[in-house]
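This report refers to the structure that appears directly beneath it.
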Amino acid sequence: MLKLALRNILSKPFRAAATVLAVAVSVAMIFAMLSFGGAVYEYIYSTETCVSGNSDIVIATNSSSDRITQVTEPLKNASGVEFVCPSLTLYALLDGEYVQIRGFDKGESQLLQKFDILRGDADELDVNSDNIVISADAAERFGLDVGARIELKLDRQTAYFYVCAVADKSGYFLGDAPFLFVGRIEGISHLLANVTTRRICNEIYVKAADGTDIDGLVKAISEMDAYSSMLVRRSGDGGYIKEQANSLSAPVVLAGAAVFMLGIAVIVLLFMMSEKEKISLISKYAVIGATRKQIAAIFIAESATLALLGSLIGCGLAVGVFVGILKATLSPSIAFGISAWRLIVAALVGFISAVGSSLLPILRSFRGTIRQNQIDAGKRTRVLKILFPIFAALTVISVIVEFTVSSATAAMSVVSLALTFATLGTGLPCALKASAKPVGKVASPAVRTACVNIVRDGRFARFAAILGVGMTVAMLLFMAWSMTTGIFTDYLADFENMVFVTNVQSTVDTSDFETVNGVEFATKIVWKQGELANGDFNKTMNILGSKNALNLVDFEFITPKEEVLPSLSEDKPYIFVDIALKELYGVDKGDTLVLTIDGKSRELTVGGLLKHRLFSGNYIVMSEKVIRDSFAVGADTVAVTVHGDVAGAVSALREKFADKNYYVVDVLTAYKWDMQSTNAVFDLIGTLAVVVTLFIFAVTVAATLIGRGSARRQRNALLNAGMSKRALLRSEIFEHSLIAALSFVISFAASALLTACLIHALRLFGLYFEFMYEAWVAAVVGLAMGGAYALMPVALNYKKGYTIKKA
Amino acid sequence: MPKTVLKAENIRKSFVTGEVTTEVLKGVDFTLYEGEFVAILGESGSGKSTLLYILAGIDKPTGGTVELLGQNISDISDEALAAMRRRDFSFVYQFDNLVPNLTVYENVTLPLMLDKRKESEYKDKVAEILDYLGLSDRQKSFPRQLSGGEQQRAAIARALVTSPKVIFLDEPTGSLDKDRGRQVMELLADINRDKGVALVMVTHSEAHAQYASRIVRME
């Protein structure tokens, strides 16, 4: 049987190759979508923990301006501690640009992370305290190399350093924004004025011994006298990293579910593409006495061979392409783990779909007599005509419930997504036939022939289903990209006139800042993260602690402004949260929530609801005094609004407070640094969208060519009947164009509904957004795919194959 | 009295197209005896091919019974009917009998292979049949490389290779020119005479029907 199966495969090498390719591409698409979320988490984890490296606990000063004399002895003697690593990080100016300079004690610079040295020698750090290691990016940015002398300035202090090595962008340098220089505490402390000892730091990293209860150790350290006034916490905040990765990847993970389903559908349709031929062949075998088992064995062996090959190549393609994309977009230095189970799931899904769908013509042929199969081989099925109205009706019901019953919105959105795709898949073939019928009445023989083919030949229905659904999935992927980018960057424009001055004392007089040229308004602010929770949720929120916060950012007031402003300005113990919390968890004015800042938890009342796309709604506005009173956390930042030249104002502020150890940076630059890792994820999503779209188009082309291969007799007959090659080409171009045009129109319309469903479905991930739809994105994607499909007959030179051959 | 190999009684067949029911066969009786060569002659649409398909178990009748080699083919399982096709009777269509991606030799030996017989058992016999049908030098060719007559001879070779008791033929010369058609008819007459195989042939050609020992006319 295997021999017969192999002969079947080898008799049509092109079709076999196209089938294997399509299965491989589908498997790769499925794997990429299964792995996307994990890869984003891995990347965010790596970037978030690049500072703390392999440590488990970090002990930090309460304010970034504080320095502490190294007190490590109590830690070194504590049980469960493997090693202790003090570190001093400062922000200094190099050529007028901020850089981070981080120092370690002699011999400890690679305790937390290893350098990946490209040039020079990192051991030189231990020889001279004024040696530093810089990243390759920094070397390029500042035109530096090994041996270069650099001048760093902090306040009125100046210190000189020498580049002893240039490292790759990994380890400490993974979060190289602003550019990081790594040196020795002894040398770096020369940038600080009035320092009496070189044994200072602002962070102490602790590596716990294997098997140690980390939380227990955190508690034990917090209770030690030497550290009781400091912040002691775990190095990697798993919850926050998960939330961050989740919010960045959720839209694509959802769109990825559609890609997953598309991958299966493509494989199924592909293996059904030659159903007519298979049924005819089954009849031939049956008439000479092949049993059902033998027939099934031949065709299963054939499809299993193709599916196995496709799945194996798909695994290779998945690993190669996906890891390549991750390395190219996220980081070349992170060793992204390839999940074996995801690879197995993708390969199994591809294999089972392929083998399962190849059973359909067999089962169909077993239903009737040999003669019936011969007659019915080309008979069209009525399944689509029955399924389409059912799916359409269910979609309408689901969408109505989704949009009208708020408690069911999130759950129903997933149902609506699935049903809309099902409606598209079954409706596109029906729409194609319905549109071909009237068009086929025109005089042009080429158009008439094309329309008759479309109406009567089932393969066109499959082309339309694959292209239309594929186009919609591609639109959705690009929409997810556009949406994610928008969610995380749109609000930045609100901050273009704002400058942060950090390292200030909480008692600072902000009126001094307002005297600087260009400064409009200055206010003290606590800008840090905290955990907000009630029984239903626990979210990491960005806290804007200032009674003037509502003057800094242009919030929309859900609770009347007249109620919010007095509460905030009078330092009442309220928090103000985004409408997203109401939509997601039913949080409303008057509710009591638990806010945790630096390990201290307090119950606070929701004073009102606001609306802004800031941090995708994950923000809390509250008075700086309430934070100080409740959490003993004082403001260390002054937010300054500027009119006119922001860069000029930044320079003026630095100049004015040059002796005060302030760190002055415009907010967009600060965000640019903060967004660097997020931008890499945007690049990943964008690249994935492009690659998956190319994959989708590749399988559409493969499916079309496979289907077209079975219509050679039809073309022979037309040529025999006197149709010119030119007219036949025009006819095929028209077939492609009609499918492309119809797919575009329907997909474009569906993409708006699907985007709305996608946004609703994000609520399941704890994300709330208002409807956003970039019509141009969908249009460009659809037109590009549709245009390319319409031009296929010309691009692939269909005309060359127009020779009358023996059938 | 020759032995009966096929007995069909009161065969009825109707087709339903939309709301229209067409009755093609209205209670046909048919008997085939051992070693007989019967030609079923009739105009297009007379139902002769439909009758042949029913007699060979390729189609099912709306009513009536077919007893082939002592077995009521409506009652036996698909597996048993398939086994009979491999061993007891064969079918030859007007054209397109062969599996396109198999050589002549592979096509001819396909029923034996499906019957799990060893090649050493049938190799000589296949060579003899191919030689008998003038296909010895074409056994490695694929169907697309053969003429219509050669394709039909290959189909007949495949029908013969299992040493069947009955061969059903649906217009076996329908796709051939006059000379090749005559050659095939002479070959079939020889097979019937030399090998004693009973033949049931559907044709619309009066001339070709004359090769048979009995003619059944359908109107």
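Following the order of the structure tokens, first chain is A, next is B, and so on, with residues numbered from 1 inside each chain and ligands from 1 in the order they appear.
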Practice problem: For region 97-114 of chain B, work out the shell of residues within 7 Å, counting only C-alpha atoms and skipping chain neighbours fewer than 3 positions away, then give it as JSON, numbers by chain. | Solution: {"A": [7, 8, 11, 284, 288, 289, 290], "B": [86, 92, 93, 117, 138, 139, 140, 141, 142, 143, 154, 155, 157, 158, 161, 162]}
Exercise. Pick out the residues sitting within 12 Å of Arg448 (chain A), and hand them over as a list in words; count only C-alpha atoms, and ignore anything fewer than 5 positions along from it in its own chain.
Key: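 Contacts, in chain order: Ala436, Lys437, Pro438, Val439, Gly440, Lys441, Val442, Ala443, Asn453, Ile454, Val455, Ala727, Leu728, Arg730, Ser731, Glu732, Phe734 and Glu735 of chain A.
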Can I get the selected residues back with C-alpha atoms, as a compact mmCIF listing (two decimals), in the first residue's frame?
```
# COMPACT_ATOMS: atom_id res chain seq x y z
CA ALA A 436 -20.34 35.45 -10.59
CA LYS A 437 -23.82 34.62 -11.84
CA PRO A 438 -24.88 38.13 -12.93
CA VAL A 439 -21.36 39.09 -14.05
CA GLY A 440 -21.30 35.98 -16.26
CA LYS A 441 -24.03 37.46 -18.45
CA VAL A 442 -21.64 39.92 -20.11
CA ALA A 443 -20.59 39.37 -23.71
CA ASN A 453 -16.17 27.99 -13.82
CA ILE A 454 -16.61 29.91 -10.58
CA VAL A 455 -20.26 28.94 -10.29
CA ALA A 727 -8.61 34.76 -23.84
CA LEU A 728 -7.89 31.83 -21.51
CA ARG A 730 -7.87 36.77 -19.39
CA SER A 731 -10.40 34.30 -18.11
CA GLU A 732 -8.04 33.08 -15.38
CA PHE A 734 -10.76 37.45 -14.14
CA GLU A 735 -11.28 34.41 -11.90
```
Self-check item: Members of region 563-666 of chain A assigned strand (DSSP E or B) by DSSP, as a PyMOL selection string
Solution: chain A and resi 574-578+592-597+600-611+619-622+637-642+663-666
Quiz item: Quick one: residues within 6 Å of Phe500 (chain A), only C-alpha atoms counted, chain neighbours fewer than 4 positions away excluded, as JSON, numbers by chain?
Solution: {"A": [638, 639, 664, 665, 666]}
Closest atom pairs, chain A residues within 9 Å of chain B, only C-alpha atoms, as a Markdown table:
```
| residue | atom | partner | partner_atom | distance |
| --- | --- | --- | --- | --- |
| A:Met1 | CA | B:Leu114 | CA | 8.4 |
| A:Leu4 | CA | B:Leu102 | CA | 8.3 |
| A:Arg7 | CA | B:Asn101 | CA | 6.3 |
| A:Asn8 | CA | B:Asn101 | CA | 6.3 |
| A:Leu10 | CA | B:Asn101 | CA | 8.2 |
| A:Ser11 | CA | B:Asn101 | CA | 5.4 |
| A:Lys12 | CA | B:Asn101 | CA | 8.6 |
| A:Leu281 | CA | B:Val99 | CA | 7.1 |
| A:Lys284 | CA | B:Asn97 | CA | 6.8 |
| A:Tyr285 | CA | B:Val99 | CA | 8.2 |
| A:Ala286 | CA | B:Ala82 | CA | 7.1 |
| A:Val287 | CA | B:Phe91 | CA | 6.9 |
| A:Ile288 | CA | B:Arg85 | CA | 5.7 |
| A:Gly289 | CA | B:Ala82 | CA | 4.2 |
| A:Ala290 | CA | B:Ala82 | CA | 5.9 |
| A:Thr291 | CA | B:Ala82 | CA | 5.6 |
| A:Arg292 | CA | B:Glu79 | CA | 7.3 |
| A:Lys293 | CA | B:Glu79 | CA | 8.9 |
| A:Gln294 | CA | B:Leu114 | CA | 7.6 |
| A:Gly368 | CA | B:Asp59 | CA | 8.7 |
| A:Thr369 | CA | B:Asp59 | CA | 5.4 |
| A:Ile370 | CA | B:Ile58 | CA | 5.1 |
| A:Arg371 | CA | B:Asp59 | CA | 5.3 |
| A:Gln372 | CA | B:Asp59 | CA | 7.1 |
| A:Lys806 | CA | B:Arg144 | CA | 7.2 |
| A:Ala807 | CA | B:Arg144 | CA | 7.7 |
```
Quiz item: Of the residues A:Val469, A:Ala752, A:Ala446, A:Leu796, which is the one nearest to Leu718 (chain A), using only C-alpha atoms?
Solution: A:Ala446
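With only C-alpha atoms taken into account, the protein and nucleic acid residues at most 10 Å from Glu67 (chain B) (excluding it and anything under 3 positions from it in its own chain) are Thr4, Val5, Leu6, Lys7, Ala8, Glu9, Thr31, Leu55, Gly70, Gln71, Asn72, Ile73, Ser74 and Asp75 of chain B.
Once Gly216 (chain A) and its same-chain neighbours fewer than 4 positions away are set aside, Asp56, Ile57, Ser79, Gly80, Val81, Ala208, Gly211, Thr212, Ala220, Ile221, Ser222, Glu223, Val232, Arg233 and Arg234 of chain A remain within 12 Å of it when counting only C-alpha atoms.
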Dump C-alpha atoms for the selected residues as a PDB file, in the first residue's frame?
```pdb
ATOM      1  CA  ASP A  56      17.305  37.024  44.262  1.00  0.00           C
ATOM      2  CA  ILE A  57      16.893  40.040  46.513  1.00  0.00           C
ATOM      3  CA  SER A  79      21.855  32.048  56.818  1.00  0.00           C
ATOM      4  CA  GLY A  80      20.682  31.334  53.274  1.00  0.00           C
ATOM      5  CA  VAL A  81      22.856  34.018  51.688  1.00  0.00           C
ATOM      6  CA  ALA A 208      20.256  33.265  48.076  1.00  0.00           C
ATOM      7  CA  GLY A 211      16.752  25.875  48.394  1.00  0.00           C
ATOM      8  CA  THR A 212      16.386  29.041  50.444  1.00  0.00           C
ATOM      9  CA  ALA A 220      14.498  38.329  57.680  1.00  0.00           C
ATOM     10  CA  ILE A 221      16.607  41.029  55.960  1.00  0.00           C
ATOM     11  CA  SER A 222      13.825  43.622  56.388  1.00  0.00           C
ATOM     12  CA  GLU A 223      13.904  42.948  60.103  1.00  0.00           C
ATOM     13  CA  VAL A 232      13.969  45.028  50.602  1.00  0.00           C
ATOM     14  CA  ARG A 233      12.272  43.106  47.788  1.00  0.00           C
ATOM     15  CA  ARG A 234      12.673  40.234  45.380  1.00  0.00           C
TER      16      ARG A 234
END
```
Exercise. May I ask for the distance between CA of Ala335 (chain A) and CA of Phe181 (chain A), given in Å to one decimal place?
Key: 23.5 Å
Self-check item: Contact residues around region 588-591 of chain A with only C-alpha atoms at 12 Å, ignoring same-chain residues under 4 positions, as a PyMOL selection string
Solution: chain A and resi 533-535+558-560+563-564+573-584+603-610
Keeping C-alpha atoms for every residue in the selection just given, could you write it to a file as a compact mmCIF listing (two decimals), in the first residue's frame?
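For reference, out16.txt as written:
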```txt
# COMPACT_ATOMS: atom_id res chain seq x y z
CA ALA A 533 -6.12 45.07 44.60
CA ASN A 534 -9.54 44.08 45.72
CA GLY A 535 -11.11 40.64 45.81
CA ILE A 558 -16.04 60.60 34.33
CA THR A 559 -16.80 61.72 37.87
CA PRO A 560 -17.62 65.45 37.64
CA GLU A 563 -16.03 66.68 42.78
CA VAL A 564 -12.57 65.41 41.80
CA PRO A 573 -7.36 60.24 51.30
CA TYR A 574 -8.78 59.26 47.96
CA ILE A 575 -7.47 57.60 44.87
CA PHE A 576 -8.72 58.36 41.38
CA VAL A 577 -8.65 55.56 38.86
CA ASP A 578 -9.39 55.00 35.21
CA ILE A 579 -12.78 54.02 33.85
CA ALA A 580 -11.05 50.80 32.70
CA LEU A 581 -11.26 49.46 36.26
CA LYS A 582 -15.01 50.04 36.25
CA GLU A 583 -15.44 48.34 32.89
CA LEU A 584 -13.24 45.40 33.83
CA GLU A 603 -7.02 50.70 52.25
CA LEU A 604 -8.04 53.74 50.24
CA THR A 605 -11.35 54.93 48.84
CA VAL A 606 -11.98 55.56 45.16
CA GLY A 607 -12.73 59.28 44.97
CA GLY A 608 -13.74 59.26 41.32
CA LEU A 609 -13.19 57.94 37.84
CA LEU A 610 -11.03 59.46 35.12
```
Exercise. Using only C-alpha atoms, determine which residues lie at most 9 Å from Ala411 (chain A), disregarding the query and same-chain residues fewer than 6 positions distant; provide the list as an MDAnalysis selection string.
Key: chainID A and resid 402 760:761 763:764
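Take CA of Ser546 (chain A) and CA of Val621 (chain A): the distance between them is 7.3 Å.
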Quiz item: Taking into account only C-alpha atoms, which residue in the set A:Asn720, A:Ser303, A:Ser55, A:Thr49 is nearest to Ile214 (chain A)?
Solution: A:Ser55
Practice problem: Check the smallest atom-to-atom distance from each of A:Pro389, A:Gly599, A:Gly545, A:Gly686 to Lys625 (chain A) using only C-alpha atoms, then report the winner. | Solution: A:Gly545
Exercise. Between A:Trp481, A:Phe744, A:Phe765, A:Phe271, single out the one closest to Gly787 (chain A), counting only C-alpha atoms.
Key: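 Among the listed residues, A:Phe744 lies closest to Gly787 (chain A).
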